[in-house]
Amino acid sequence: IILDLETAIADGIEFYRSKNDVILTSGKDGAIEPKYFKEVRINGEIVFRDGAALKQALPFEYFMVLDFEATCQEEKTKDYVNEIIEFPVVVISAESLETVATFHHYIKPTQKPLLTAFCTDLTGIKQETVDKGIILQEALEELHTFLVDNKLLDKSWTFVTCGDWDLRSCLKREAQTKDLELRQYMTGYINIKSLYQQVFGHRAGGMPQMLTACGLSLDGRHHSGIDDSRNIAKILVHLLNNGLKVNRYDETRVAYAKRKLILPSNHPSNGSVSGVAKGEEEGEEEKKSQ
């Protein structure tokens, strides 16, 4: 804390220098009012200047809450590739914590176009809905257009998911199977379960359990992608309102083969993304909890 000594002394506040060169004061009634502060720094960052708190820079300006729904079958086999059938994104402003935009498309699967009864029962998504949908590659281009239209490409943001499955397993595996290129921004995300653990001090269960722990209701249908995205957004806002501080070290990066990514021309990796965050290993997959 740097004080405006001239003003403070003029107002009758006394200061003393100790034998070991420490400046001491009892202030007024045991305290010094912020009006006498010239500057306050915390860990080197100026947070207060000339009597007014400064707005601190946020690591992300927006959070893009995403929760895919995908084709599935009751019998789990290693060679089964889930195809995304619902692609929702709920955009939350980090400053206002309000929803500022929503992206939502149903996706037509191409490898196994017929949904299983198990899949429809789980997600509520009907065959006629996906038949009228767009294919994944079109959805990715629609998302890019959405980001451009909402002037988000030049902003700082990250995806938020419930678990690692959506971007580290589902999209990655489907893109590799279909030989799709993904833009670099599709490789970063924050797992809401990790944020939950920071606040509550214990491992998170599924989304319904986190909602209950936060004192929030489950709105809509569980395993509806758009409803789940909105519920995950509610958890995120609750955590941020209760002392959570998000930083860039919370973000996980997914490793892709060089040719599978479309990178901006000024990207420092010059066409590749190196390293795998948080202990991810190639070939590792996390099954989405059903």
# chains A, B, ... in the order shown; residues from 1 in each chain; ligands from 1
>>> select_by_dssp(residues="range 11-192 of chain A", states="alpha helix (DSSP H)", output="PyMOL selection string")
chain A and resi 117-123+127-131+136-149+171-177+192
>>> residues_around(residues="Glu86 in chain A", least_positions_apart="5", cutoff="7 Å", atoms="only C-alpha atoms", output="list in words")
Phe68, Glu69, Ala70, His105, Tyr106, Ile107 and Gly225 of chain A
>>> write_last_selection(atoms="all heavy atoms", output="mmCIF file, in the first residue's frame")
data_model
loop_
_atom_site.group_PDB
_atom_site.id
_atom_site.type_symbol
_atom_site.label_atom_id
_atom_site.label_comp_id
_atom_site.auth_asym_id
_atom_site.auth_seq_id
_atom_site.Cartn_x
_atom_site.Cartn_y
_atom_site.Cartn_z
ATOM 1 N N PHE A 68 -22.208 -32.258 -25.569
ATOM 2 C CA PHE A 68 -22.663 -33.042 -26.705
ATOM 3 C C PHE A 68 -23.605 -34.162 -26.261
ATOM 4 O O PHE A 68 -23.480 -34.704 -25.158
ATOM 5 C CB PHE A 68 -21.485 -33.718 -27.422
ATOM 6 C CG PHE A 68 -20.551 -32.782 -28.123
ATOM 7 C CD1 PHE A 68 -19.170 -32.983 -28.057
ATOM 8 C CD2 PHE A 68 -21.017 -31.706 -28.862
ATOM 9 C CE1 PHE A 68 -18.289 -32.146 -28.700
ATOM 10 C CE2 PHE A 68 -20.144 -30.856 -29.520
ATOM 11 C CZ PHE A 68 -18.775 -31.074 -29.430
ATOM 12 N N GLU A 69 -24.512 -34.530 -27.152
ATOM 13 C CA GLU A 69 -25.179 -35.834 -27.086
ATOM 14 C C GLU A 69 -24.751 -36.598 -28.328
ATOM 15 O O GLU A 69 -24.513 -36.005 -29.383
ATOM 16 C CB GLU A 69 -26.703 -35.694 -27.025
ATOM 17 C CG GLU A 69 -27.210 -34.956 -25.790
ATOM 18 C CD GLU A 69 -26.780 -35.589 -24.478
ATOM 19 O OE1 GLU A 69 -26.687 -36.845 -24.415
ATOM 20 O OE2 GLU A 69 -26.506 -34.845 -23.524
ATOM 21 N N ALA A 70 -24.630 -37.904 -28.202
ATOM 22 C CA ALA A 70 -24.076 -38.697 -29.296
ATOM 23 C C ALA A 70 -24.793 -40.030 -29.406
ATOM 24 O O ALA A 70 -25.488 -40.474 -28.474
ATOM 25 C CB ALA A 70 -22.581 -38.927 -29.070
ATOM 26 N N HIS A 105 -27.586 -26.985 -32.636
ATOM 27 C CA HIS A 105 -27.957 -27.725 -33.839
ATOM 28 C C HIS A 105 -28.071 -29.208 -33.510
ATOM 29 O O HIS A 105 -27.305 -29.740 -32.692
ATOM 30 C CB HIS A 105 -26.898 -27.558 -34.942
ATOM 31 C CG HIS A 105 -27.047 -26.310 -35.741
ATOM 32 N ND1 HIS A 105 -28.043 -26.128 -36.674
ATOM 33 C CD2 HIS A 105 -26.321 -25.154 -35.737
ATOM 34 C CE1 HIS A 105 -27.920 -24.930 -37.221
ATOM 35 N NE2 HIS A 105 -26.881 -24.315 -36.654
ATOM 36 N N TYR A 106 -29.025 -29.869 -34.158
ATOM 37 C CA TYR A 106 -29.057 -31.335 -34.144
ATOM 38 C C TYR A 106 -28.260 -31.827 -35.344
ATOM 39 O O TYR A 106 -28.263 -31.210 -36.416
ATOM 40 C CB TYR A 106 -30.496 -31.850 -34.200
ATOM 41 C CG TYR A 106 -31.238 -31.610 -32.906
ATOM 42 C CD1 TYR A 106 -32.155 -30.567 -32.785
ATOM 43 C CD2 TYR A 106 -30.996 -32.417 -31.789
ATOM 44 C CE1 TYR A 106 -32.820 -30.338 -31.590
ATOM 45 C CE2 TYR A 106 -31.657 -32.188 -30.586
ATOM 46 C CZ TYR A 106 -32.556 -31.146 -30.495
ATOM 47 O OH TYR A 106 -33.197 -30.918 -29.300
ATOM 48 N N ILE A 107 -27.541 -32.920 -35.142
ATOM 49 C CA ILE A 107 -26.579 -33.393 -36.125
ATOM 50 C C ILE A 107 -27.020 -34.745 -36.680
ATOM 51 O O ILE A 107 -27.422 -35.643 -35.928
ATOM 52 C CB ILE A 107 -25.175 -33.531 -35.497
ATOM 53 C CG1 ILE A 107 -24.807 -32.266 -34.712
ATOM 54 C CG2 ILE A 107 -24.144 -33.843 -36.571
ATOM 55 C CD1 ILE A 107 -24.790 -31.006 -35.513
ATOM 56 N N GLY A 225 -28.865 -32.202 -24.642
ATOM 57 C CA GLY A 225 -27.641 -31.427 -24.709
ATOM 58 C C GLY A 225 -27.839 -29.968 -24.337
ATOM 59 O O GLY A 225 -27.054 -29.405 -23.566
#
>>> select_by_dssp(residues="range 16-128 of chain A", states="strand (DSSP E)", output="count of residues only")
42
>>> residues_around(residues="Pro208 in chain A", least_positions_apart="5", cutoff="12 Å", atoms="only C-alpha atoms", output="list in words")
Cys162, Lys193, Ala213, Cys214, Gly215, Leu216, Ser217, Leu218, Asp219, Gly220, Arg221, His222, His223, Asp227, Asp228, Asn231, Ile232, Lys234, Ile235, Ser289 and Gln290 of chain A
>>> atom_distance(atom1="CA of Ile262 in chain A", atom2="CA of Tyr249 in chain A")
23.3 Å
>>> residues_around(residues="Phe103 in chain A", least_positions_apart="4", cutoff="12 Å", atoms="only C-alpha atoms", output="PDB file with N, CA and C atoms, in the first residue's frame")
ATOM      1  N   MET A  64     -17.782 -20.784 -22.821  1.00  0.00           N
ATOM      2  CA  MET A  64     -18.647 -21.431 -23.813  1.00  0.00           C
ATOM      3  C   MET A  64     -19.013 -22.816 -23.282  1.00  0.00           C
ATOM      4  N   VAL A  65     -20.159 -22.914 -22.663  1.00  0.00           N
ATOM      5  CA  VAL A  65     -20.569 -24.170 -22.028  1.00  0.00           C
ATOM      6  C   VAL A  65     -21.114 -25.111 -23.100  1.00  0.00           C
ATOM      7  N   LEU A  66     -20.533 -26.292 -23.163  1.00  0.00           N
ATOM      8  CA  LEU A  66     -20.832 -27.244 -24.240  1.00  0.00           C
ATOM      9  C   LEU A  66     -21.127 -28.621 -23.653  1.00  0.00           C
ATOM     10  N   ASP A  67     -22.139 -29.285 -24.183  1.00  0.00           N
ATOM     11  CA  ASP A  67     -22.435 -30.659 -23.754  1.00  0.00           C
ATOM     12  C   ASP A  67     -23.034 -31.431 -24.934  1.00  0.00           C
ATOM     13  N   GLU A  86     -26.235 -33.935 -31.100  1.00  0.00           N
ATOM     14  CA  GLU A  86     -26.709 -32.634 -30.616  1.00  0.00           C
ATOM     15  C   GLU A  86     -25.486 -31.799 -30.233  1.00  0.00           C
ATOM     16  N   PHE A  87     -25.449 -30.574 -30.736  1.00  0.00           N
ATOM     17  CA  PHE A  87     -24.270 -29.699 -30.595  1.00  0.00           C
ATOM     18  C   PHE A  87     -24.746 -28.358 -30.036  1.00  0.00           C
ATOM     19  N   PRO A  88     -24.778 -28.204 -28.698  1.00  0.00           N
ATOM     20  CA  PRO A  88     -25.188 -26.933 -28.101  1.00  0.00           C
ATOM     21  C   PRO A  88     -24.012 -26.192 -27.468  1.00  0.00           C
ATOM     22  N   VAL A  89     -24.059 -24.876 -27.508  1.00  0.00           N
ATOM     23  CA  VAL A  89     -23.086 -24.043 -26.805  1.00  0.00           C
ATOM     24  C   VAL A  89     -23.846 -22.872 -26.171  1.00  0.00           C
ATOM     25  N   VAL A  90     -23.678 -22.699 -24.871  1.00  0.00           N
ATOM     26  CA  VAL A  90     -24.276 -21.577 -24.148  1.00  0.00           C
ATOM     27  C   VAL A  90     -23.142 -20.639 -23.754  1.00  0.00           C
ATOM     28  N   VAL A  91     -23.213 -19.386 -24.202  1.00  0.00           N
ATOM     29  CA  VAL A  91     -22.134 -18.422 -23.994  1.00  0.00           C
ATOM     30  C   VAL A  91     -22.442 -17.571 -22.756  1.00  0.00           C
ATOM     31  N   ILE A  92     -21.517 -17.609 -21.779  1.00  0.00           N
ATOM     32  CA  ILE A  92     -21.668 -16.865 -20.535  1.00  0.00           C
ATOM     33  C   ILE A  92     -20.621 -15.756 -20.476  1.00  0.00           C
ATOM     34  N   THR A  99     -26.121 -15.221 -19.626  1.00  0.00           N
ATOM     35  CA  THR A  99     -26.078 -15.865 -20.940  1.00  0.00           C
ATOM     36  C   THR A  99     -26.251 -14.790 -22.002  1.00  0.00           C
ATOM     37  N   ALA A 139     -21.889 -28.365 -39.015  1.00  0.00           N
ATOM     38  CA  ALA A 139     -22.096 -27.775 -37.691  1.00  0.00           C
ATOM     39  C   ALA A 139     -20.853 -27.030 -37.219  1.00  0.00           C
ATOM     40  N   LEU A 140     -19.676 -27.579 -37.489  1.00  0.00           N
ATOM     41  CA  LEU A 140     -18.438 -26.916 -37.106  1.00  0.00           C
ATOM     42  C   LEU A 140     -18.268 -25.593 -37.847  1.00  0.00           C
ATOM     43  N   GLU A 142     -20.841 -23.846 -39.011  1.00  0.00           N
ATOM     44  CA  GLU A 142     -21.884 -22.984 -38.449  1.00  0.00           C
ATOM     45  C   GLU A 142     -21.420 -22.363 -37.133  1.00  0.00           C
ATOM     46  N   LEU A 143     -20.694 -23.154 -36.319  1.00  0.00           N
ATOM     47  CA  LEU A 143     -20.159 -22.632 -35.072  1.00  0.00           C
ATOM     48  C   LEU A 143     -19.166 -21.500 -35.352  1.00  0.00           C
ATOM     49  N   HIS A 144     -18.321 -21.687 -36.349  1.00  0.00           N
ATOM     50  CA  HIS A 144     -17.353 -20.648 -36.684  1.00  0.00           C
ATOM     51  C   HIS A 144     -18.067 -19.364 -37.107  1.00  0.00           C
ATOM     52  N   THR A 145     -19.106 -19.512 -37.920  1.00  0.00           N
ATOM     53  CA  THR A 145     -19.899 -18.352 -38.340  1.00  0.00           C
ATOM     54  C   THR A 145     -20.547 -17.674 -37.132  1.00  0.00           C
ATOM     55  N   PHE A 146     -21.038 -18.470 -36.203  1.00  0.00           N
ATOM     56  CA  PHE A 146     -21.633 -17.966 -34.965  1.00  0.00           C
ATOM     57  C   PHE A 146     -20.619 -17.138 -34.176  1.00  0.00           C
ATOM     58  N   LEU A 147     -19.390 -17.629 -34.081  1.00  0.00           N
ATOM     59  CA  LEU A 147     -18.340 -16.915 -33.359  1.00  0.00           C
ATOM     60  C   LEU A 147     -18.001 -15.597 -34.050  1.00  0.00           C
ATOM     61  N   ASP A 149     -20.067 -13.864 -36.110  1.00  0.00           N
ATOM     62  CA  ASP A 149     -21.223 -12.970 -36.012  1.00  0.00           C
ATOM     63  C   ASP A 149     -21.338 -12.328 -34.633  1.00  0.00           C
ATOM     64  N   ASN A 150     -20.928 -13.064 -33.596  1.00  0.00           N
ATOM     65  CA  ASN A 150     -21.007 -12.542 -32.232  1.00  0.00           C
ATOM     66  C   ASN A 150     -19.706 -11.886 -31.765  1.00  0.00           C
ATOM     67  N   GLY A 225     -28.865 -32.202 -24.642  1.00  0.00           N
ATOM     68  CA  GLY A 225     -27.641 -31.427 -24.709  1.00  0.00           C
ATOM     69  C   GLY A 225     -27.839 -29.968 -24.337  1.00  0.00           C
ATOM     70  N   ILE A 226     -28.893 -29.351 -24.863  1.00  0.00           N
ATOM     71  CA  ILE A 226     -29.108 -27.928 -24.590  1.00  0.00           C
ATOM     72  C   ILE A 226     -29.506 -27.717 -23.136  1.00  0.00           C
ATOM     73  N   SER A 229     -26.380 -28.195 -20.996  1.00  0.00           N
ATOM     74  CA  SER A 229     -25.485 -27.043 -21.129  1.00  0.00           C
ATOM     75  C   SER A 229     -25.965 -25.891 -20.248  1.00  0.00           C
ATOM     76  N   ARG A 230     -27.256 -25.658 -20.223  1.00  0.00           N
ATOM     77  CA  ARG A 230     -27.797 -24.578 -19.381  1.00  0.00           C
ATOM     78  C   ARG A 230     -27.640 -24.903 -17.903  1.00  0.00           C
TER      79      ARG A 230
END
